[in-house]
Structures are given as C-alpha cells and as structure tokens.
Amino acid sequence: MQPDADGQDLELQRSTLINAGRLHWFHWLIVSLSLLLTLGAWYFAKAQLEEKVRIQFEHAAGQVLELISERMQKYEDGLWGGVGAIQTLGGEIDHRGWLTFADSLSIDVKYPGINGIGVIYYVPPAQRDAFLAKQRLSRSDFDIHPAHGESDHLPITFIEPVAINREAVGLDIAHETNRYLAAQKARDSGAAQITGPIFLVQNAEHTPGFLFYAPFYRGGTYATRAERRQHFAGMVYAPFVVKKLMQGVLAKQKRNVGVQIVDDGVKLYDELVPSEENFDPQAAHRTYVELPFYGRTWGFDIWSGKSFNTIAGSRQPLTILIAGIFIDAMLLALFVSLSRANRNALNYAERATARLRETAAHERELEARVQAEKRFHQVVACAPSAMLLARVDGSIVLANAEATCLFGHGEQALLSMRFQALIPARDFAGQGPWWEAYGDESAVHAELQAQHRDGRSVPVEVGINRIEIDGEPLLLAVVVDVTERERAKRSLAEHAAELARSNEELDKFAYVASHDLKAPLRGIQNLATFISEDAGELLPAEARNDLDLLLGRARRMEALLDGLLQYSRIGRRESEPEYVATAEVVNDVIELCVPLDRFQVDVQPGLPEIHAPQAVVHLVFRNLLANAVKHHDREHGVIVIEWRADEEHVVVTVRDDGPGIPFEHRDRVFQLFQTLQSRDEVEGSGLGLALIKKGMELHGGRIELCPAQGRGATFRQIWPRRDRRARRAA
C-alpha cells in the first residue's frame, strides 16, 4: 500500500506547484485586450490593401484578354486582305503573285506570332489531275498528300514564308477531322473560322496549334449556304503555333499575370507551370473567362504571378501586426518572469515523475521484447516460404523447415554456412557489405540462383530487410522458389512473339492493299478512261456499255481496298477517347450525307456526350445515315434519331422508313463484304457496318439490328457511360 500513498502525495505536490506557477486571470485579460487591438488594426489595413490589389488584378486580366482579341482581329484583317487580293485578280492567283502579296504584309514585323499565310484551293475529284498539272508547271515536285477517304480535296497550294512551312505545301486538310470540319464551317458561313487544337506538320516542337480560315468564292460573295457551297473556291489561311502566337501577343516582361488557354479540354498555352519564372504556386488572385473565338470557345485561366504580388504588395499590415505582437510578447514575457520560480519547482517535480515512469516503461518493454521474440520464432517456423536470419557478416543464425527443403541441407548444416554461399550474388566485387550485392534493403530481387546441395541451381526471388533483436542488427531474408513462374514467363514470351508476328503480317497486308493492289487497279482505270476518250465514238453501244461496267468495277474494287485498309487500321491508329458532342457530330453528318430536299431527319433533342474517339463516333453516324439514304427505295424518306440513357449506358437508335432488312440477316449484315442487294443496283463495298461494329466494340460499345416494326431498318448503338463528373471526382 506504501507505493500508492507516495504516488498520491506526489500528485498533490505537483497540483500545488502547477497552481502556484500559473498566470492569473488579469494577466491574460491585459494580454488578450492588447492582442485584439493589434488584430483589429491589422485586419482593417489588410482589407483595404486586398481591395486595392483585387482591382489591379482585374485590370491586368482585362488587358490580357483585350490584347489577344485585338491581335486575333488584326490577323483576321490580314486574311481578308489576302481574299481581297485574290478577288481583285479574278478569283485566282499564281505562286509569284502570292509571294508578292505576302512580302507586302511584312509578317515578321506587323504580325508577330503568325507562322505564315497561304492559299487553300478547293479541288473536286474530277479536277484533281488538271490541278496538279497546272501547279507542276512552276513547281515540279508539287503533290497532294496524304490519301484519305473524303470525296473532296483542299490542298495547301501556297504558303509564305515557304522556308519554315515547306512540310505544309500540298497537305490536304480534308485528311484530318479538326481541319476539315472548320473548313466546312467557314465555307458554309462565309465567315472567318479557326480549327480545334491540332499539331502543325511544320512544328518540330509538336506543341498545340490551329489554322485560321477566311473563305472566298467564285464571282464574289453570297447570302445563302447553298450558294456558298456551289461557288466555293478556296480559303486564305494562316497556321499558328499557339506558343509562338502568345509570345508575340503577350510580352511577359510587360505584365504581371500568367495565363492558361484551353479549347475543349485541350491546353493550347500554359504559363501556369513551375518552369515559368513568374509562376506563383500560391497565387492570391485567379479568374476564369470563356470567350467565343471564330467558331470556337476559348477558356482563359488567369493567375497573379510573383511580380504582381511584388508590385501590388504592401508591408503596412504586416508592420502593424509585427509591432503589436512584439508589444504583446513583451507584456507576456514580463508576466512569465514573475512566475519563473514556481515554474522551476514544477519542472523538478515533473522530471522526478518522468524518471519513475521511465523505469516502469523499461520493465514493460523488456517483457514485451521477450514475448515478441517468441512470436517471431513461431512465425518463422510456420512460414510457407524459406526464411533465413543472418548476421551482418552473412553467417546464418536461424533457418526454418522450408529453407532445409529448398537448399537440401539440414538445419544444423545451414547454421554453419553463410548466406552468400547459398545464393551467390551476380557482379559483386565485394567492396561493401554483402547484402548490398542483392540491391537496396526492403526490396525483392528476381533472377537469382540458389545452390542446392545436389549441385543444381534453383531460380529464386529474395527479399531482404534489416531488423534488430536485443540490440544486434540482423538481416531477415525470405526466399521463394520461382521455378514454375519462370516456365510460365517463357510460355508467355512465346505467345507474345507469335502475336507480334501476326501483327506484322497484318501491317504487310495493309501495305499491299493500299499500294501494291491499287497500282494495277489505277492502271486499269486509266487505260479504260483513255480508250473511252480516244475511241468512245467509234465503239458500238454494247462495247461502250462494257467499258462503263469495267470502270464501275474498278472504282468498286478501289472502294473495297480503301474500306479493307480502314478496317485493318481501326483500333491501331485512332486518337485517344474524349467526350464527344454527339449533337454536333450528327448535325455535321446530316449536312454531308443527307439530301435534305428528299429526306426529313428528326433528331431527339439533348443528345448526350459519348466517350470515344471523335473519328469513331463520326464513322458510326456517317455510315448509318448514308446507308439509310443509299438503300431507300422511294423518292422521299424519313430518318429518326432517338436516345435514352441510364447509369451504365447511352443508347442511340437510328431508324428509317426504307425497304428494311430481314431480321434473319441480323448477323450477316455486320460481316465483311456483305450486301443484301446487287452491287449493280446499289454501289457499295459491304464494309460499312463491319467498320461500325469493330470501331464500337474496341471502345466497349456494340451495335444491333432491331426486329422490324413495319417498313424500315432500325439500328441500336449501345455505348458505355462514363460520367464526366464522376471521372473528375475519381
């Protein structure tokens, strides 16, 4: 009972000392009132300063937006100047004339940030050869590239300065979706238009850019979209690397804010990165503004930089706060000094108490260590893998039963050996501790060879970790036999090699389809065309009919080869999935594929976004709507697009009132080269629905032919739903 009484006396003494050493309430009242007065003065000064800084930041952000808007207007004026020059020359300009016009602009001086200015002519397929022949009179190496599946050509014919833009000469902008869609919008609206984010072929840094179009028409300007399409002649355009554009527009040394520009989730320009000298990771001011820019919406994220904080900052609130706190600290120090003697007594009592507690804790620690060592030996003995405990020199002090099985030695034999002898390390010269031969501590090391007693090598993985027992540093090693896994890896490598060979054969097939097979086919088409042009009037009607059939079969064969090549490339050369504005894609496809004077298209409002590559979504709707028009058996028809969505899927249905497809052919129509009508009646490759099926399945979707309800065919698209908000939360 005596220890309890002593403990009670010690607690009573400690309580007395604590009460004697405390500051009284009136001490704290004086310090608190002084501190409140200091904080009040600091808060008032800080609020006034923040309001002033906020106004300065809003002014600086507005200046940035005005600079960009004014500069884009200036670039637009330059493009319309090029349109005016072409219209003055009767709607067409040659290479020398364009060079003269471009030199007069003084691009480097008047238009900093622009990459060049050029002309894009609209070339229908029937005029392609004549266009090439004309351009090659002055430039023998001129060609239109690359090949694509669109019917029209929009090649970059002239571009100045040509030295830094040579890669763009002859580039057909119809080959890529962002370039082509913006060109179509410019053509139909008659207004200047910029593309979505692209990478310029002439930009070696591969940073985001865009093209700026200004359309021109044969005969002047027109009021309706139909007239513009009919008389469309081409566009004056300028390529921009956004980084160069912004460096020309925004002189960073003259402003104190940073800016990030985003187009549809793609960063066009970004100063909000640690590598920027003016970047402030804890910016005090930030604003986000969205502005319409020539058919696109640009988002501007503007932050205050370090230089802004330096200019706008003021030390007055901080000075007030520091002075007030210093006075409060002096008062508190005065009060504390008065109770220092009592504090010393309290500290002495606390030290005595701590020594008593340390003694009791040491005894408990010794008991816990003994119990832990027992549990450790039990765990090692029962472990399903071989375990060895070794000293820092490698001598083994503990081995379990699994270790005796793995190495073939008895327990006593293992205790007389060193770890290095059982599992030799590769490429170890022996300059450092032995365990460094196996790599860093607490790591797993593969492809080591354990030495069995009978002389054979066993592939193992070794995990080594340093521990301490009774103050002695030891190393615990877990050794796992990976013989079966190595066999599985070799088998997997063989399968991977076979897959690589299959992919290589597929690439070779695609090359043959796009080059070797097309070359003789084009020869047949050219010969048939020459015969028709040279001797068409001399041939009997039956021979002319056969010649037309030959040309038709050749065109069909070329379409089949193009479709087959596109089918083989699906899933291997697509862009990354994105949130596609389905309604915009449907509207674009309707304008391209549906003759609205014969067909009525009803689209259910509110089409949701689809998470997939935009090219795949465009491919699906283009083929479905084109098939509905091509296979319709009446002069006029109706196409209906409906949708529904749940938590897991977005379902889009395309239905027409044509002749329909028998439901027993629901699987056949999605196979390669399958058509239900004679190709002499309806021209087609039989690859459209197969392309849709493959493209959707590669991105988790599927397409179905629904049972007929009267006339017409109904196709149901089922896309997996990926909610944009859920993705951000993740």
# chains A, B, ... in the order shown; residues from 1 in each chain; ligands from 1

call {"tool": "residues_around", "arguments": {"residues": "stretch 237-243 of chain A", "least_positions_apart": "4", "cutoff": "7 Å", "atoms": "only C-alpha atoms", "output": "ChimeraX atom specification"}}
result
/A:79,114-119,207-214,247,268-269

call {"tool": "residues_around", "arguments": {"residues": "A:Phe101", "least_positions_apart": "6", "cutoff": "12 Å", "atoms": "only C-alpha atoms", "output": "compact mmCIF listing (two decimals) with C-alpha atoms, in the first residue's frame"}}
result
# COMPACT_ATOMS: atom_id res chain seq x y z
CA GLY A 78 -4.67 40.13 -92.84
CA LEU A 79 -6.57 37.05 -94.08
CA GLY A 81 -6.68 41.26 -97.24
CA GLY A 82 -5.46 38.08 -98.97
CA VAL A 83 -9.06 37.28 -100.01
CA GLY A 84 -9.38 40.78 -101.44
CA ALA A 85 -6.15 40.38 -103.43
CA ILE A 86 -7.39 37.11 -104.94
CA LEU A 89 -7.25 39.18 -109.73
CA ILE A 93 -3.69 33.93 -108.01
CA ASP A 94 -0.43 32.27 -109.05
CA HIS A 95 2.65 31.49 -106.98
CA ILE A 107 4.62 39.28 -91.50
CA ILE A 117 -0.02 32.97 -94.70
CA GLY A 118 -1.18 30.80 -97.57
CA VAL A 119 -3.89 29.77 -100.02
CA PHE A 158 0.82 28.37 -101.49
CA ILE A 159 2.35 29.29 -98.12
CA GLU A 160 4.81 32.06 -97.32
CA PRO A 161 7.40 32.12 -95.95
CA VAL A 236 -6.81 32.15 -97.39

call {"tool": "atom_distance", "arguments": {"atom1": "atom CA of A:Arg179", "atom2": "atom CA of A:Ala226"}}
result
21.2 Å

call {"tool": "residues_around", "arguments": {"residues": "A:Gln56", "least_positions_apart": "4", "cutoff": "12 Å", "atoms": "only C-alpha atoms", "output": "MDAnalysis selection string"}}
result
chainID A and resid 49:52 60:63 255:257 285 304 308:309 311:313

call {"tool": "residues_around", "arguments": {"residues": "A:Ala401", "least_positions_apart": "5", "cutoff": "12 Å", "atoms": "only C-alpha atoms", "output": "JSON, numbers by chain"}}
result
{"A": [378, 379, 380, 381, 382, 383, 384, 385, 386, 387, 388, 406, 407, 408, 409, 410, 411, 412, 414]}

call {"tool": "closest_residue", "arguments": {"among": "A:Ser34, A:Ser395, A:Thr582, A:Gln604", "to": "A:Leu475", "atoms": "only C-alpha atoms"}}
result
A:Ser395

call {"tool": "residues_around", "arguments": {"residues": "A:Arg634", "least_positions_apart": "4", "cutoff": "12 Å", "atoms": "only C-alpha atoms", "output": "list in words"}}
result
Arg598, Phe599, Ala628, Val629, Lys630, Val638, Asp656, Asp657, Gly658, Pro659, Arg711 and Gly712 of chain A

call {"tool": "residues_around", "arguments": {"residues": "stretch 130-139 of chain A", "least_positions_apart": "5", "cutoff": "12 Å", "atoms": "only C-alpha atoms", "output": "PyMOL selection string"}}
result
chain A and resi 93-96+121-125+144-145+153-158+169-170

call {"tool": "write_last_selection", "arguments": {"atoms": "C-alpha atoms", "output": "compact mmCIF listing (two decimals), in the first residue's frame"}}
result
# COMPACT_ATOMS: atom_id res chain seq x y z
CA ILE A 93 -3.69 33.93 -108.01
CA ASP A 94 -0.43 32.27 -109.05
CA HIS A 95 2.65 31.49 -106.98
CA ARG A 96 4.52 34.69 -107.93
CA TYR A 121 -7.90 25.81 -103.21
CA TYR A 122 -10.99 23.64 -103.35
CA VAL A 123 -10.29 20.79 -105.84
CA PRO A 124 -13.18 18.44 -106.76
CA PRO A 125 -12.06 14.86 -107.53
CA ILE A 144 -1.43 16.47 -102.79
CA HIS A 145 -0.97 14.38 -99.64
CA HIS A 153 -9.55 17.85 -101.80
CA LEU A 154 -8.44 21.02 -100.01
CA PRO A 155 -4.64 21.15 -100.60
CA ILE A 156 -2.43 23.92 -99.23
CA THR A 157 -1.29 25.38 -102.56
CA PHE A 158 0.82 28.37 -101.49
CA VAL A 169 2.88 22.55 -99.07
CA GLY A 170 0.42 20.17 -100.74

call {"tool": "select_by_dssp", "arguments": {"residues": "stretch 605-676 of chain A", "states": "strand (DSSP E or B)", "output": "ChimeraX atom specification"}}
result
/A:610-612,637-645,649-656

call {"tool": "residues_around", "arguments": {"residues": "A:Gly40", "least_positions_apart": "6", "cutoff": "12 Å", "atoms": "only C-alpha atoms", "output": "VMD selection string"}}
result
chain A and resid 33 to 34 46 to 47 317 320 to 321 324

call {"tool": "closest_residue", "arguments": {"among": "A:Glu704, A:Ile641, A:Ala204, A:Ala329", "to": "A:Ile30", "atoms": "only C-alpha atoms"}}
result
A:Ala329

call {"tool": "select_by_dssp", "arguments": {"residues": "stretch 85-209 of chain A", "states": "helix (DSSP H, G or I)", "output": "compact mmCIF listing (two decimals) with C-alpha atoms, in the first residue's frame"}}
result
# COMPACT_ATOMS: atom_id res chain seq x y z
CA ALA A 85 -6.15 40.38 -103.43
CA ILE A 86 -7.39 37.11 -104.94
CA GLN A 87 -10.83 38.53 -105.78
CA THR A 88 -9.15 41.55 -107.42
CA HIS A 95 2.65 31.49 -106.98
CA ARG A 96 4.52 34.69 -107.93
CA GLY A 97 1.50 36.86 -107.23
CA TRP A 98 1.01 35.34 -103.79
CA LEU A 99 4.70 35.77 -102.97
CA THR A 100 4.40 39.46 -103.86
CA PHE A 101 1.32 39.85 -101.64
CA ALA A 102 2.91 38.02 -98.69
CA ASP A 103 6.06 40.16 -98.91
CA SER A 104 3.91 43.29 -98.79
CA LEU A 105 2.41 42.18 -95.46
CA ILE A 107 4.62 39.28 -91.50
CA ASP A 108 7.61 39.26 -89.14
CA VAL A 109 7.09 42.97 -88.29
CA LYS A 110 3.32 43.52 -88.45
CA PRO A 125 -12.06 14.86 -107.53
CA ALA A 126 -12.70 15.30 -111.25
CA GLN A 127 -10.31 18.29 -111.41
CA ARG A 128 -7.50 16.80 -109.31
CA ASP A 129 -5.24 15.77 -112.22
CA ALA A 130 -5.68 19.08 -114.05
CA PHE A 131 -4.95 20.99 -110.83
CA LEU A 132 -1.74 19.00 -110.23
CA ALA A 133 -0.59 19.50 -113.82
CA LYS A 134 -1.11 23.26 -113.55
CA GLN A 135 0.80 23.58 -110.27
CA ARG A 166 7.73 23.51 -96.51
CA GLU A 167 6.18 20.46 -94.82
CA ALA A 168 2.71 22.02 -95.26
CA ILE A 173 -6.57 19.46 -94.87
CA ALA A 174 -9.52 17.16 -95.61
CA HIS A 175 -7.45 14.26 -94.22
CA THR A 177 -11.25 15.94 -88.75
CA ASN A 178 -10.49 19.23 -86.92
CA ARG A 179 -9.03 20.87 -90.04
CA TYR A 180 -11.82 19.59 -92.30
CA LEU A 181 -14.77 20.47 -90.02
CA ALA A 182 -13.54 24.04 -89.53
CA ALA A 183 -13.06 24.40 -93.31
CA GLN A 184 -16.64 23.24 -93.92
CA LYS A 185 -17.98 25.74 -91.36
CA ALA A 186 -16.01 28.57 -92.97
CA ARG A 187 -17.28 27.54 -96.42
CA ASP A 188 -20.93 27.40 -95.31
CA SER A 189 -20.94 30.56 -93.15

call {"tool": "closest_residue", "arguments": {"among": "A:Val669, A:Cys405, A:Leu698, A:Leu398", "to": "A:Met417", "atoms": "only C-alpha atoms"}}
result
A:Leu398

call {"tool": "atom_distance", "arguments": {"atom1": "atom CA of A:Arg453", "atom2": "atom CA of A:Ile396"}}
result
16.3 Å
